[in-house]
>>> print(open('protein07.cif').read())   # mmCIF, C-alpha atoms
data_query
#
loop_
_atom_site.label_atom_id
_atom_site.label_comp_id
_atom_site.auth_asym_id
_atom_site.auth_seq_id
_atom_site.Cartn_x
_atom_site.Cartn_y
_atom_site.Cartn_z
CA MET A 281 0.00 0.00 0.00
CA THR A 282 1.17 3.51 -0.76
CA GLU A 283 0.92 6.44 1.62
CA ALA A 284 -1.80 7.85 -0.65
CA ASP A 285 -3.79 4.58 -0.32
CA ILE A 286 -3.50 4.69 3.47
CA LEU A 287 -4.50 8.36 3.68
CA LYS A 288 -7.48 7.62 1.42
CA ASP A 289 -8.61 4.84 3.77
CA LEU A 290 -8.30 7.19 6.76
CA ALA A 291 -10.21 9.94 4.98
CA ASP A 292 -12.90 7.65 3.56
CA THR A 293 -13.65 6.19 7.00
CA GLY A 294 -13.59 9.56 8.81
CA ALA A 295 -10.73 8.41 11.02
CA LEU A 296 -8.71 11.63 10.72
CA LEU A 297 -10.60 14.38 12.56
CA SER A 298 -10.12 18.16 12.90
CA GLY A 299 -10.98 20.24 15.98
CA HIS A 300 -9.48 20.75 19.48
CA PHE A 301 -8.56 17.47 21.11
CA CYS A 302 -7.05 16.27 24.36
CA LEU A 303 -4.95 13.21 23.55
CA ARG A 304 -4.45 10.27 25.94
CA SER A 305 -0.93 11.62 26.48
CA GLY A 306 -2.42 14.84 27.91
CA LEU A 307 -1.21 16.90 24.96
CA HIS A 308 -3.63 18.96 22.86
CA SER A 309 -3.90 18.90 19.07
CA ASP A 310 -6.04 20.28 16.25
CA ARG A 311 -6.07 16.86 14.55
CA TYR A 312 -6.98 13.47 15.94
CA PHE A 313 -6.67 9.98 14.55
CA GLN A 314 -9.62 7.88 15.75
CA ALA A 315 -8.52 4.35 14.93
CA ALA A 316 -11.89 2.88 15.83
CA LEU A 317 -13.44 4.65 12.85
CA VAL A 318 -11.15 2.92 10.38
CA LEU A 319 -11.09 -0.40 12.27
CA GLN A 320 -14.89 -0.68 12.24
CA HIS A 321 -14.58 -1.52 8.53
CA ALA A 322 -13.36 -5.12 8.60
CA ALA A 323 -12.10 -5.22 5.00
CA VAL A 324 -10.14 -1.99 5.41
CA ALA A 325 -8.74 -3.11 8.79
CA SER A 326 -7.69 -6.41 7.28
CA ARG A 327 -5.92 -4.73 4.35
CA LEU A 328 -4.07 -2.25 6.60
CA CYS A 329 -3.04 -4.88 9.14
CA ARG A 330 -1.93 -7.32 6.43
CA THR A 331 0.46 -4.64 5.20
CA LEU A 332 1.85 -4.27 8.75
CA ALA A 333 2.07 -8.04 9.21
CA ASP A 334 4.03 -8.43 5.97
CA GLY A 335 6.86 -6.40 7.52
CA PHE A 336 7.26 -9.01 10.28
CA ARG A 337 6.51 -12.18 8.31
CA ASP A 338 10.06 -13.58 8.67
CA ALA A 339 10.77 -12.22 12.17
CA GLY A 340 9.86 -15.38 14.09
CA VAL A 341 6.70 -13.96 15.68
CA GLU A 342 4.88 -16.54 17.80
CA THR A 343 2.47 -14.16 19.58
CA VAL A 344 1.16 -10.65 19.02
CA ILE A 345 0.37 -8.61 22.14
CA SER A 346 -1.47 -5.30 22.28
CA PRO A 347 -2.24 -2.81 25.01
CA ALA A 348 -6.00 -2.66 25.60
CA ILE A 349 -8.18 -1.33 24.28
CA GLY A 350 -7.04 0.53 21.18
CA GLY A 351 -4.52 -2.04 20.00
CA ILE A 352 -6.66 -5.15 20.40
CA LEU A 353 -8.18 -5.16 16.91
CA VAL A 354 -4.86 -4.23 15.30
CA GLY A 355 -3.07 -7.02 17.17
CA HIS A 356 -5.75 -9.55 16.34
CA GLU A 357 -5.71 -8.74 12.63
CA ILE A 358 -1.90 -8.79 12.44
CA ALA A 359 -1.85 -12.13 14.28
CA ARG A 360 -4.47 -13.54 11.91
CA HIS A 361 -2.34 -12.59 8.90
CA LEU A 362 0.77 -14.09 10.53
CA GLY A 363 -1.07 -17.25 11.61
CA VAL A 364 -0.17 -16.80 15.29
CA ARG A 365 -2.07 -16.12 18.51
CA SER A 366 -3.14 -12.71 19.72
CA ILE A 367 -3.30 -11.59 23.37
CA PHE A 368 -3.67 -8.25 25.10
CA ALA A 369 -2.50 -6.47 28.23
CA GLU A 370 -4.88 -4.39 30.29
CA LYS A 371 -4.65 -1.90 33.12
CA ASP A 372 -4.66 -3.08 36.70
CA GLU A 373 -6.24 -0.91 39.40
CA GLY A 374 -3.48 1.65 38.85
CA SER A 375 -1.90 2.50 35.53
CA ASP A 376 0.30 -0.57 35.08
CA LEU A 377 -0.42 -3.12 32.36
CA VAL A 378 -0.93 -6.75 33.33
CA LEU A 379 -1.81 -10.05 31.71
CA ARG A 380 -5.19 -11.47 32.75
CA ARG A 381 -7.75 -13.92 31.36
CA GLY A 382 -5.26 -16.80 31.43
CA PHE A 383 -2.84 -15.14 28.97
CA VAL A 384 0.77 -16.25 29.47
CA LEU A 385 4.07 -15.70 27.73
CA ALA A 386 6.82 -18.30 27.78
CA PRO A 387 10.48 -17.49 28.32
CA GLY A 388 12.12 -16.97 24.93
CA GLU A 389 8.80 -16.65 23.07
CA GLY A 390 8.98 -14.29 20.06
CA VAL A 391 6.48 -11.47 20.58
CA LEU A 392 5.37 -8.57 18.40
CA VAL A 393 3.77 -5.55 20.10
CA ALA A 394 0.89 -4.04 18.09
CA GLU A 395 -0.87 -0.71 18.66
CA ASP A 396 -3.28 1.54 16.80
CA VAL A 397 -1.51 4.89 17.33
CA ILE A 398 1.49 6.20 19.24
CA THR A 399 2.05 9.78 20.36
CA ARG A 400 4.58 9.46 23.15
CA GLY A 401 4.74 5.66 23.17
CA GLY A 402 4.03 5.15 26.87
CA ARG A 403 1.59 2.25 26.51
CA VAL A 404 3.81 0.52 23.98
CA GLN A 405 6.82 0.84 26.31
CA GLN A 406 4.76 -0.58 29.19
CA THR A 407 3.82 -3.50 26.96
CA VAL A 408 7.45 -4.06 25.93
CA ASP A 409 8.45 -4.03 29.62
CA LEU A 410 5.66 -6.50 30.48
CA VAL A 411 6.78 -8.92 27.76
CA ARG A 412 10.40 -8.75 28.88
CA ALA A 413 9.43 -9.21 32.54
CA ARG A 414 7.95 -12.58 31.49
CA GLY A 415 11.24 -13.56 29.81
CA ALA A 416 9.82 -13.37 26.29
CA ARG A 417 11.62 -11.63 23.41
CA VAL A 418 10.21 -8.45 21.88
CA LEU A 419 10.81 -8.71 18.13
CA GLY A 420 9.35 -5.36 17.16
CA VAL A 421 6.49 -2.88 17.31
CA ALA A 422 3.79 -2.58 14.63
CA VAL A 423 1.57 0.50 14.70
CA LEU A 424 -1.02 1.81 12.29
CA VAL A 425 -0.23 5.49 12.84
CA ASP A 426 2.90 7.03 14.35
CA ARG A 427 2.01 10.59 15.30
CA SER A 428 5.10 11.01 17.48
CA ALA A 429 7.13 12.74 14.74
CA GLY A 430 9.84 10.19 15.47
CA ALA A 431 9.97 11.02 19.19
CA ALA A 432 8.64 7.64 20.35
CA ALA A 433 11.75 5.47 20.16
CA PHE A 434 12.12 1.86 21.23
CA ASP A 435 15.11 -0.49 21.20
CA VAL A 436 13.40 -2.82 18.72
CA PRO A 437 12.34 -2.33 15.10
CA VAL A 438 9.25 -0.15 14.74
CA ARG A 439 7.08 -0.21 11.64
CA SER A 440 4.13 2.06 11.09
CA LEU A 441 1.83 2.29 8.13
CA ILE A 442 2.08 6.03 8.15
CA ARG A 443 3.73 8.79 10.11
CA LEU A 444 1.35 11.67 10.66
CA GLU A 445 3.17 14.75 11.87
CA LEU A 446 0.24 16.43 13.53
CA PRO A 447 0.93 19.37 15.85
CA THR A 448 0.68 18.79 19.60
CA TYR A 449 0.77 21.32 22.41
CA GLU A 450 1.25 21.24 26.14
CA PRO A 451 -2.08 22.45 27.60
CA ALA A 452 -0.46 25.62 28.98
CA ASP A 453 0.87 26.49 25.51
CA CYS A 454 -2.14 25.45 23.43
CA PRO A 455 -3.24 28.16 20.96
CA LEU A 456 -6.65 26.49 20.64
CA CYS A 457 -7.22 26.89 24.39
CA ARG A 458 -6.21 30.56 24.13
CA GLN A 459 -8.81 30.97 21.36
CA GLY A 460 -11.44 29.51 23.67
CA MET A 461 -12.21 26.51 21.43
CA PRO A 462 -14.11 23.77 23.25
CA LEU A 463 -11.92 20.78 24.14
CA ASP A 464 -12.95 17.31 22.96
CA LYS A 465 -11.67 14.09 24.54
CA PRO A 466 -12.56 11.60 21.80
CA GLY A 467 -10.69 8.60 23.18
CA SER A 468 -12.23 5.61 24.89
CA ARG A 469 -12.24 7.19 28.37
#
>>> encode(input="protein07.cif", output="structure tokens")
Amino acid sequence: MTEADILKDLADTGALLSGHFCLRSGLHSDRYFQAALVLQHAAVASRLCRTLADGFRDAGVETVISPAIGGILVGHEIARHLGVRSIFAEKDEGSDLVLRRGFVLAPGEGVLVAEDVITRGGRVQQTVDLVRARGARVLGVAVLVDRSAGAAAFDVPVRSLIRLELPTYEPADCPLCRQGMPLDKPGSR
């Protein structure tokens, strides 16, 4: 898939929004990528995730893990295209990620971390740390959209379908706040 194909899918599904948004990272932006809007279209999700999976086809992936909730569909679709299992990590009572529901990782198991979008990469790093704490090997990170402008860096290969360099602002420095624009928190919380 070309970048133009990917952008067309995002536009056609309404997944790239304009306004005044508070991101999960706490930063503000005038653009927001709502992965759920593209992932609700199974054929489009399959096509996008197959493209991501192809980049890891020969990496020795045995399991795909995703941070809940945004990465679950991405991880599942990538795992389906790789012919491996898909699991997810979820928050405990605090902000740490844990494995529940009987999910386990074996020492030495080859694991790919999958996510829908990264801004700062905090959830992905927590997932990488969780995998390593179980003795499994992190083979890479697959993400639909990297909106970190290259700032989210990991010590494993990272592949994204597209890098969207969308402006972000600390709340105290947000020009949209200064203009009095209403703030939208479109995420899952």
>>> closest_residue(input="protein07.cif", among="A:Cys329, A:Ala339, A:Val344, A:Ala416", to="Glu357 of chain A", atoms="only C-alpha atoms")
A:Cys329
>>> resolve_selection(input="protein07.cif", expression="the PyMOL selection byres ((chain A and resi 312) around 12)", output="PyMOL selection string")
chain A and resi 290-291+294-304+307-311+313-317+397-399+425-427+444-448+464-467
>>> resolve_selection(input="protein07.cif", expression="the PyMOL selection byres ((chain A and resi 413) around 12)", output="list in words")
Leu377, Val378, Leu379, Val384, Leu385, Ala386, Pro387, Gly388, Gln406, Thr407, Val408, Asp409, Leu410, Val411, Arg412, Arg414, Gly415, Ala416, Arg417 and Val418 of chain A
>>> atom_distance(input="protein07.cif", atom1="atom CA of Glu283 of chain A", atom2="atom CA of Leu328 of chain A")
11.2 Å
>>> atom_distance(input="protein07.cif", atom1="atom CA of Val404 of chain A", atom2="atom CA of Gly335 of chain A")
18.1 Å
>>> resolve_selection(input="protein07.cif", expression="the PyMOL selection byres ((chain A and resi 369) around 10)", output="list in words")
Ile345, Ser346, Pro347, Ala348, Ile349, Gly351, Ile352, Ile367, Phe368, Glu370, Lys371, Asp372, Asp376, Leu377, Val378, Leu379, Arg380, Arg381, Phe383, Arg403, Gln406, Thr407, Leu410 and Val411 of chain A
>>> closest_residue(input="protein07.cif", among="A:Asp338, A:Leu332, A:Gly402, A:Ala325", to="Ser440 of chain A", atoms="only C-alpha atoms")
A:Leu332
>>> atom_distance(input="protein07.cif", atom1="atom CA of Gly350 of chain A", atom2="atom CA of Pro462 of chain A")
24.4 Å
